[in-house]
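Right, one structure below, let's go through it.
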Amino acid sequence: MKLLHQLNAAFAALIIVIMSITAFFIYSLLMDMLIQDEQRQLKGRAELLIDIISEQDPDRSPQLSQLIQDRNYPILLFDRAQDEVLFRTMPAEVADSWMERYEEELVDQEVWESGGEKYVVYDFPVNAGNNQILVMATPLNDLQAVQSVFALRMIAVFLIGLFLALIVSSILTWRLVTPLTKLKQEVKKIEKRQFSKVEKVNASGEIKEVEQSVRHMADELARYIHSQKQFFQNASHELKTPLMSIQGYAEGIRDGVFEGEAAEKGLNVMVSETERLKKIVNEMILLAKLDSSEDIYKPELTDISEVISQAKDRLFPLANEKGIDLELTHLPSFYSVVDRERVLQALINILSNAVRHAKQKVTITTEVQEGRLKIQVGDDGNGISEELLSQLFERFIKGKEGETGLGLAISRAIIERSGGTIYAFNRSQGTGAIFEIEFNRKE
């Protein structure tokens, strides 16, 4: 069943349940209300009857006669002390039955029954001794007829209300389901990888949020597939270069083209290219594991300041060899739940990149702000070119001094896996670049 029909059916069922319960209670209470209203009328007629009898005015005799002869309001007057019916306008068996049962059964009841018929009654004493009781009655059948008429009208109103409710429900559900149907069509486009054809769907509320998420997902998938294609193209290029060198020298040595020192040089090149190839493959495997595997990342409570100091010590020989001064300032203790070895690897990659591009000095500064540790690694080199800056952390993107083009991509993957952020910018033209890393505090 389609969602539109499901919503209409659910709304109709809800309306039916609510209106049925309401109708049941109204129908049940209606008889009580009719009985109470009828008792008020009986009381008024009884008081009028007593007034006419008490005044003994001949001019009101026709009115008295009318009250007595009204078949809709049977009258009974009896004496409890003498156990005698004084006056009645109802069958004798009914009058005798009520008089006999009055003390034991009927005195506190609103509805009296006799001979299979029920009456709404109003009774009260007419003398000081409370021995003479006047009873005014109305057949209950009359009230039940009124109740039945009301029930039929209530059913008619119920059906009309249900019909109108279904119309309103259809309009509302149509407005709700139509955006979902259009959204399904856009998702189908994503399924077929037609990302450029995904269009905006007019919606509101949560559906609008879902629609925005779908379009964002389409953009991210398009970007991801593009980056994957670019990755494979760059990877094939990076892997093909050392393989061609290895193949060329291997075939030359086999065919006797290279002999003596040339063969020795070829073997050294083959070993060097093999090491480079191995490094590229290992870094590609690490990136794939960081993207998909949970086992490769093992977080624990770690003092980031100790990891920074350790990374500086690891890079000191390279910096010393190139005559670069490594300067570390203001290193506060800061704990976070991260993989110590992976974060160390990320910091080493960033520091080695800074050392390769620096002229004289690399500075490492740290600062704690609002529960976050900010690390800045700056160099005094020529900075990052504008065309390279936007894609600096992509795979196989490297500058003039780059090696495999995977180091910064690995660093970003590790830092983001640690719940942190990383980005790079230039200080000013020709005065070096800064890499800024942030970690959240977790204790």
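Chain labels follow the order of the structure tokens: the first chain is A, the next B, and so on; residue numbering restarts at 1 in every chain, and ligands are counted from 1 in their shown order.
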**Study point:** Neighbour list for Ile324 in chain A as a list in words, cut-off 8 Å, only C-alpha atoms, skip fewer than 2 positions in-chain
**Key:** Ala319, Asn320, Glu321, Lys322, Leu326, Val355, Ala358, Lys359, Gln360, Lys361 and Val362 of chain A
Practice item. Quick one: pick out all helix (DSSP H, G or I) residues within range 8-224 of chain A from a backbone DSSP run and write them as number ranges by chain. Key: A: 8-55, 58-69, 92-106, 140-191, 195-197, 205-224
Practice item. Quick one: pull the distance between CA of Ile21 in chain A and CA of Val146 in chain A, Å, one decimal. Key: 20.7 Å
Check your understanding: A:Arg80, A:Arg40, A:Arg356, A:His226: which is nearest Asn127 in chain A, counting only C-alpha atoms?
Key -> A:Arg80
Check your understanding: Any idea what the distance is between CA of His216 in chain A and CA of Lys197 in chain A?
Key -> 13.4 Å
Exercise for review: Could you please determine the separation between CA of Lys208 in chain A and CA of Ala12 in chain A in Å, to one decimal place?
Suggested key: 26.4 Å
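Considering the residues A:Lys192, A:Lys374, A:Lys289, A:Arg223 and counting only C-alpha atoms, Tyr423 in chain A has its shortest atom-to-atom contact with A:Lys374.
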Quick one: residues within 10 Å of Glu416 in chain A, only C-alpha atoms, excluding same-chain residues fewer than 6 positions away - as a PDB file with N, CA, C and O atoms, in the first residue's frame?
```pdb
ATOM      1  N   ILE A 410      47.553  11.467   4.499  1.00  0.00           N
ATOM      2  CA  ILE A 410      47.548  10.569   5.657  1.00  0.00           C
ATOM      3  C   ILE A 410      47.392  11.375   6.942  1.00  0.00           C
ATOM      4  O   ILE A 410      46.633  10.999   7.844  1.00  0.00           O
ATOM      5  N   ILE A 422      42.431  20.129  10.503  1.00  0.00           N
ATOM      6  CA  ILE A 422      43.714  20.618  10.003  1.00  0.00           C
ATOM      7  C   ILE A 422      43.464  21.435   8.747  1.00  0.00           C
ATOM      8  O   ILE A 422      42.624  21.068   7.922  1.00  0.00           O
ATOM      9  N   ILE A 437      46.513  22.827  13.436  1.00  0.00           N
ATOM     10  CA  ILE A 437      45.840  21.589  13.840  1.00  0.00           C
ATOM     11  C   ILE A 437      45.129  21.848  15.166  1.00  0.00           C
ATOM     12  O   ILE A 437      45.660  22.535  16.046  1.00  0.00           O
ATOM     13  N   GLU A 438      43.926  21.288  15.323  1.00  0.00           N
ATOM     14  CA  GLU A 438      43.180  21.431  16.573  1.00  0.00           C
ATOM     15  C   GLU A 438      42.711  20.057  17.054  1.00  0.00           C
ATOM     16  O   GLU A 438      42.249  19.240  16.250  1.00  0.00           O
ATOM     17  N   PHE A 439      42.827  19.844  18.372  1.00  0.00           N
ATOM     18  CA  PHE A 439      42.346  18.626  19.002  1.00  0.00           C
ATOM     19  C   PHE A 439      41.361  19.005  20.109  1.00  0.00           C
ATOM     20  O   PHE A 439      41.520  20.047  20.755  1.00  0.00           O
TER      21      PHE A 439
END
```
Once you count only C-alpha atoms, what closest atom pair and distance in Å to one decimal does each residue of range 167-243 of chain A within 12 Å of range 151-162 of chain A have, with rows by chain and rising residue number, as a Markdown table?
```
| residue | atom | partner | partner_atom | distance |
| --- | --- | --- | --- | --- |
| A:Ile167 | CA | A:Leu162 | CA | 8.6 |
| A:Val168 | CA | A:Leu162 | CA | 9.8 |
| A:Ser169 | CA | A:Leu162 | CA | 10.1 |
```
Selected residues written out with C-alpha atoms, as an mmCIF file, in the first residue's frame:
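Contents of selection36.cif, as written:
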```cif
data_model
loop_
_atom_site.group_PDB
_atom_site.id
_atom_site.type_symbol
_atom_site.label_atom_id
_atom_site.label_comp_id
_atom_site.auth_asym_id
_atom_site.auth_seq_id
_atom_site.Cartn_x
_atom_site.Cartn_y
_atom_site.Cartn_z
ATOM 1 C CA ILE A 167 -11.072 15.380 2.056
ATOM 2 C CA VAL A 168 -8.857 17.454 4.364
ATOM 3 C CA SER A 169 -6.711 14.383 5.056
#
```
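Each of A:Phe393, A:Leu408, A:Pro125, A:Phe334 was checked against Arg441 in chain A using only C-alpha atoms; the smallest atom-to-atom distance is that of A:Phe334.
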